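Encoded as structure tokens, the structure appears first; notes follow it.
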Amino acid sequence: MKVFISGRIAQSGLTLLKENNIEVIQWKESRQITASELIEACKNVDGLVSVGPNKINADFLNACKHLKVIALHSVGFDNVDVAEAKKLNIPIGNTHGVLSGATADTAFLLMLAVSRKAFYLHKKIIKGQWQNYEPTPELGIELNGKTLGVFGLGNIGLEMAKKCIGAYQMNVIYHNRNQNQEAEKEIGAKYVSFEELLANSDVISVHTSLTEETRNKFDNTAFEQMKPKAIFINTARGGIHNEVDLIAALEQKIIWGAGLDVTNPEPMSADNPLLNMESVAVLPHIGSATEETRSAMANLVAKNIIAGLNREALPSEVAN
Ligand code: DGY
């Protein structure tokens, strides 16, 4: 059996595939593979490990109907036409559950960095603009006892909430499509409407999938309902916030700050005004980028491939 891997994954996953006599063909260029190159690369293989935002759309799936399995090196699957894959009987695996802690760490890091203007002040030192100690300018805001609003209380949102409760005794409110009663019991989170989430949160952290329902959910109308001192954090997908509206909300001081690990488009251009704002921190989509988590992701990817090639249920399969 052969698989094509459209990027670089941790060695542990490659080893597991090889131990199971699966031949690996890997995309080794630093640029992203194009749609036509991906179809060509998948012509003579049995499975695909999709790394990065490859478009696994109807065109790709119909050109590669022979694939026995597609394993995503991500928990997000907004790049996949899941219904079409189901129609063609191609199981889609993802890396559910293994990256929650690392991604929540990234959300927490951004929240704290924004609250103390850390990225902006760090850049001032680099530019030689740190002159002397002064008690009043460029002050941050504290998080102790504030309200965290989680948009999407799944595994990652729950981890973020636990960190915020542990570190700052924050009150947790959340908005989901469905109530998460288990999490309510575990951490005392309170379900609220989207409008209540906007009006009552000091920090809003986004942990939901990108779907037609969540695309551009945080736009001008949403930012205007938030507190003037609110911090907006997004480690999920850049398409969930409207970047033009976010820039305007920050410039007009409608909200206080923003921390983004995901942008729209990616990569963010180096002259984006967000990069020079005081209460903004931006990272290049590193949510799950730790040695431990990337290794766990590669292992789960390999297990999904092995199960799929053996026509068994995938350990982590995208539901549809
Ligand atoms: C994920 O796992 O979805 C990460 O955002 C990487 O795409």
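Note on naming: chains are A, B, ... as they come in the structure tokens, residues start from 1 per chain, ligands start from 1 in the order shown.
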
| message | Could you list, as a PyMOL selection string, all protein and nucleic acid residues with an atom at most 7 Å from ligand 1, counting only C-alpha atoms and all ligand atoms? | response | chain A and resi 52+73-77+95+236-237+285+287-288

Limited to N, CA and C atoms, could you put the picked residues into a file as a tab-separated table (two decimals), in the first residue's frame?
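Resulting contents of selection_14.tsv:
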chain	number	residue	atom	x	y	z
A	52	GLY	N	-1.98	20.84	5.92
A	52	GLY	CA	-2.25	22.22	5.49
A	52	GLY	C	-3.58	22.32	4.77
A	73	HIS	N	-4.07	16.17	8.74
A	73	HIS	CA	-3.14	16.49	9.82
A	73	HIS	C	-3.65	17.75	10.51
A	74	SER	N	-4.88	17.70	10.98
A	74	SER	CA	-5.53	18.84	11.65
A	74	SER	C	-6.82	18.35	12.28
A	75	VAL	N	-7.31	19.13	13.24
A	75	VAL	CA	-8.63	18.80	13.77
A	75	VAL	C	-9.69	19.47	12.89
A	76	GLY	N	-9.36	20.64	12.34
A	76	GLY	CA	-10.30	21.38	11.48
A	76	GLY	C	-10.45	20.68	10.14
A	77	PHE	N	-11.67	20.72	9.60
A	77	PHE	CA	-11.90	20.05	8.32
A	77	PHE	C	-12.74	20.92	7.38
A	95	THR	N	-7.51	14.92	13.60
A	95	THR	CA	-6.68	14.70	14.80
A	95	THR	C	-7.40	15.20	16.05
A	236	ALA	N	-9.02	29.63	16.13
A	236	ALA	CA	-9.76	28.58	15.41
A	236	ALA	C	-9.54	28.70	13.90
A	237	ARG	N	-10.23	29.63	13.26
A	237	ARG	CA	-10.04	29.86	11.83
A	237	ARG	C	-10.25	31.36	11.55
A	285	HIS	N	-0.37	30.91	12.99
A	285	HIS	CA	-1.10	29.63	13.04
A	285	HIS	C	-0.22	28.52	13.66
A	287	GLY	N	-1.05	27.12	16.72
A	287	GLY	CA	-1.83	26.56	17.84
A	287	GLY	C	-1.33	25.23	18.37
A	288	SER	N	-1.08	24.28	17.49
A	288	SER	CA	-0.71	22.93	17.94
A	288	SER	C	0.79	22.66	17.81

| request: Could you tell me, as a ChimeraX atom specification, which residues of segment 38-258 of chain A DSSP assigns to strand (DSSP E) when given the backbone? | output: /A:47-50,69-72,92-93,147-151,171-175,190-191,203-206,231-234,257-258

Keeping only N, CA and C atoms, write the selected residues to a file as a tab-separated table (two decimals), in the first residue's frame.
chain	number	residue	atom	x	y	z
A	47	GLY	N	-3.86	6.03	-0.17
A	47	GLY	CA	-4.32	6.94	0.87
A	47	GLY	C	-3.61	8.27	0.78
A	48	LEU	N	-4.23	9.31	1.38
A	48	LEU	CA	-3.63	10.65	1.39
A	48	LEU	C	-3.56	11.16	2.82
A	49	VAL	N	-2.40	11.69	3.19
A	49	VAL	CA	-2.30	12.48	4.43
A	49	VAL	C	-2.27	13.93	3.96
A	50	SER	N	-3.29	14.67	4.33
A	50	SER	CA	-3.40	16.06	3.89
A	50	SER	C	-2.86	16.98	4.97
A	69	VAL	N	-8.69	6.14	1.97
A	69	VAL	CA	-8.77	6.95	3.18
A	69	VAL	C	-8.03	8.27	2.96
A	70	ILE	N	-8.56	9.32	3.61
A	70	ILE	CA	-7.84	10.60	3.66
A	70	ILE	C	-7.70	10.95	5.14
A	71	ALA	N	-6.46	11.15	5.58
A	71	ALA	CA	-6.22	11.52	6.98
A	71	ALA	C	-5.72	12.96	7.02
A	72	LEU	N	-6.48	13.82	7.70
A	72	LEU	CA	-6.08	15.23	7.81
A	72	LEU	C	-5.11	15.38	8.96
A	92	ILE	N	-12.84	10.14	6.13
A	92	ILE	CA	-11.96	11.28	6.41
A	92	ILE	C	-11.57	11.24	7.89
A	93	GLY	N	-10.28	11.17	8.15
A	93	GLY	CA	-9.81	11.17	9.54
A	93	GLY	C	-9.31	12.56	9.92
A	147	THR	N	-14.67	38.05	33.11
A	147	THR	CA	-15.53	37.03	32.47
A	147	THR	C	-14.96	36.60	31.13
A	148	LEU	N	-14.76	35.28	31.01
A	148	LEU	CA	-14.33	34.70	29.75
A	148	LEU	C	-15.56	34.21	29.00
A	149	GLY	N	-15.71	34.61	27.77
A	149	GLY	CA	-16.80	34.12	26.93
A	149	GLY	C	-16.22	33.19	25.89
A	150	VAL	N	-16.58	31.91	25.98
A	150	VAL	CA	-16.05	30.93	25.03
A	150	VAL	C	-17.07	30.75	23.91
A	151	PHE	N	-16.62	31.00	22.68
A	151	PHE	CA	-17.49	30.75	21.53
A	151	PHE	C	-17.10	29.40	20.97
A	171	ASN	N	-14.87	33.98	35.49
A	171	ASN	CA	-16.20	33.39	35.32
A	171	ASN	C	-16.30	32.96	33.87
A	172	VAL	N	-16.90	31.80	33.64
A	172	VAL	CA	-16.96	31.34	32.25
A	172	VAL	C	-18.40	31.29	31.76
A	173	ILE	N	-18.65	32.00	30.67
A	173	ILE	CA	-19.92	31.87	29.97
A	173	ILE	C	-19.59	31.34	28.57
A	174	TYR	N	-20.56	30.73	27.91
A	174	TYR	CA	-20.23	30.19	26.60
A	174	TYR	C	-21.45	30.19	25.69
A	175	HIS	N	-21.17	30.18	24.40
A	175	HIS	CA	-22.24	30.01	23.42
A	175	HIS	C	-21.84	28.91	22.45
A	190	LYS	N	-21.62	28.82	32.14
A	190	LYS	CA	-23.04	29.14	31.96
A	190	LYS	C	-23.33	29.38	30.48
A	191	TYR	N	-24.36	28.69	29.98
A	191	TYR	CA	-24.75	28.86	28.57
A	191	TYR	C	-25.48	30.19	28.41
A	203	VAL	N	-13.26	38.85	27.89
A	203	VAL	CA	-12.42	38.22	26.87
A	203	VAL	C	-13.34	37.26	26.11
A	204	ILE	N	-13.33	37.34	24.78
A	204	ILE	CA	-14.05	36.34	23.98
A	204	ILE	C	-13.01	35.49	23.28
A	205	SER	N	-13.09	34.17	23.47
A	205	SER	CA	-12.14	33.28	22.82
A	205	SER	C	-12.89	32.33	21.89
A	206	VAL	N	-12.47	32.30	20.64
A	206	VAL	CA	-13.18	31.53	19.62
A	206	VAL	C	-12.57	30.13	19.48
A	231	ILE	N	-11.38	41.97	24.98
A	231	ILE	CA	-10.28	41.39	24.18
A	231	ILE	C	-10.88	40.25	23.36
A	232	PHE	N	-10.57	40.24	22.06
A	232	PHE	CA	-11.06	39.20	21.16
A	232	PHE	C	-9.90	38.27	20.79
A	233	ILE	N	-10.08	36.96	21.04
A	233	ILE	CA	-9.03	35.98	20.74
A	233	ILE	C	-9.57	34.96	19.74
A	234	ASN	N	-8.80	34.69	18.70
A	234	ASN	CA	-9.22	33.66	17.73
A	234	ASN	C	-8.04	32.74	17.42
A	257	GLY	N	-8.71	45.06	22.48
A	257	GLY	CA	-7.55	44.36	21.93
A	257	GLY	C	-7.94	43.08	21.21
A	258	ALA	N	-6.95	42.50	20.54
A	258	ALA	CA	-7.21	41.24	19.82
A	258	ALA	C	-5.94	40.41	19.75

Would you pick out the contacts of segment 207-217 of chain A at 6 Å or less, using only C-alpha atoms, so that residues sharing its chain but fewer than 2 positions from it are not included, and give the list as a PDB file with N, CA and C atoms, in the first residue's frame?
ATOM      1  N   ASP A  78     -12.596  22.241   7.563  1.00  0.00           N
ATOM      2  CA  ASP A  78     -13.346  23.170   6.719  1.00  0.00           C
ATOM      3  C   ASP A  78     -12.861  23.155   5.263  1.00  0.00           C
ATOM      4  N   PHE A 151     -16.619  31.001  22.684  1.00  0.00           N
ATOM      5  CA  PHE A 151     -17.492  30.752  21.530  1.00  0.00           C
ATOM      6  C   PHE A 151     -17.103  29.398  20.974  1.00  0.00           C
ATOM      7  N   GLY A 152     -17.859  28.349  21.362  1.00  0.00           N
ATOM      8  CA  GLY A 152     -17.541  26.973  20.965  1.00  0.00           C
ATOM      9  C   GLY A 152     -16.874  26.229  22.102  1.00  0.00           C
ATOM     10  N   GLY A 157     -12.011  24.674  23.758  1.00  0.00           N
ATOM     11  CA  GLY A 157     -12.639  25.730  24.558  1.00  0.00           C
ATOM     12  C   GLY A 157     -12.646  25.379  26.035  1.00  0.00           C
ATOM     13  N   ASP A 219     -18.237  40.285  13.179  1.00  0.00           N
ATOM     14  CA  ASP A 219     -18.155  41.396  12.231  1.00  0.00           C
ATOM     15  C   ASP A 219     -18.463  42.674  12.997  1.00  0.00           C
ATOM     16  N   ALA A 236      -9.019  29.635  16.134  1.00  0.00           N
ATOM     17  CA  ALA A 236      -9.756  28.579  15.410  1.00  0.00           C
ATOM     18  C   ALA A 236      -9.535  28.700  13.898  1.00  0.00           C
ATOM     19  N   GLY A 239     -11.465  32.851   9.075  1.00  0.00           N
ATOM     20  CA  GLY A 239     -12.725  33.209   8.420  1.00  0.00           C
ATOM     21  C   GLY A 239     -13.858  33.491   9.402  1.00  0.00           C
ATOM     22  N   ILE A 240     -13.649  33.202  10.688  1.00  0.00           N
ATOM     23  CA  ILE A 240     -14.730  33.405  11.663  1.00  0.00           C
ATOM     24  C   ILE A 240     -14.850  34.884  12.053  1.00  0.00           C
ATOM     25  N   HIS A 241     -13.741  35.628  11.896  1.00  0.00           N
ATOM     26  CA  HIS A 241     -13.874  37.076  12.111  1.00  0.00           C
ATOM     27  C   HIS A 241     -13.677  37.810  10.789  1.00  0.00           C
ATOM     28  N   ASN A 242     -14.268  38.979  10.708  1.00  0.00           N
ATOM     29  CA  ASN A 242     -14.094  39.825   9.530  1.00  0.00           C
ATOM     30  C   ASN A 242     -12.951  40.783   9.830  1.00  0.00           C
TER      31      ASN A 242
END

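Within 8 Å of Glu23 of chain A, once only C-alpha atoms are used and residues closer than 4 positions along the same chain are dropped, the contacting residues are Met1, Lys2, Val3, Leu17 and Lys18 of chain A.
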
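Our summary of the geometry notes that atom CA of Pro91 of chain A is positioned 24.9 Å from atom CA of Arg177 of chain A.
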
| How far is it from atom CA of Lys86 of chain A to atom CA of Ala319 of chain A, in Å with one decimal? | 9.7 Å
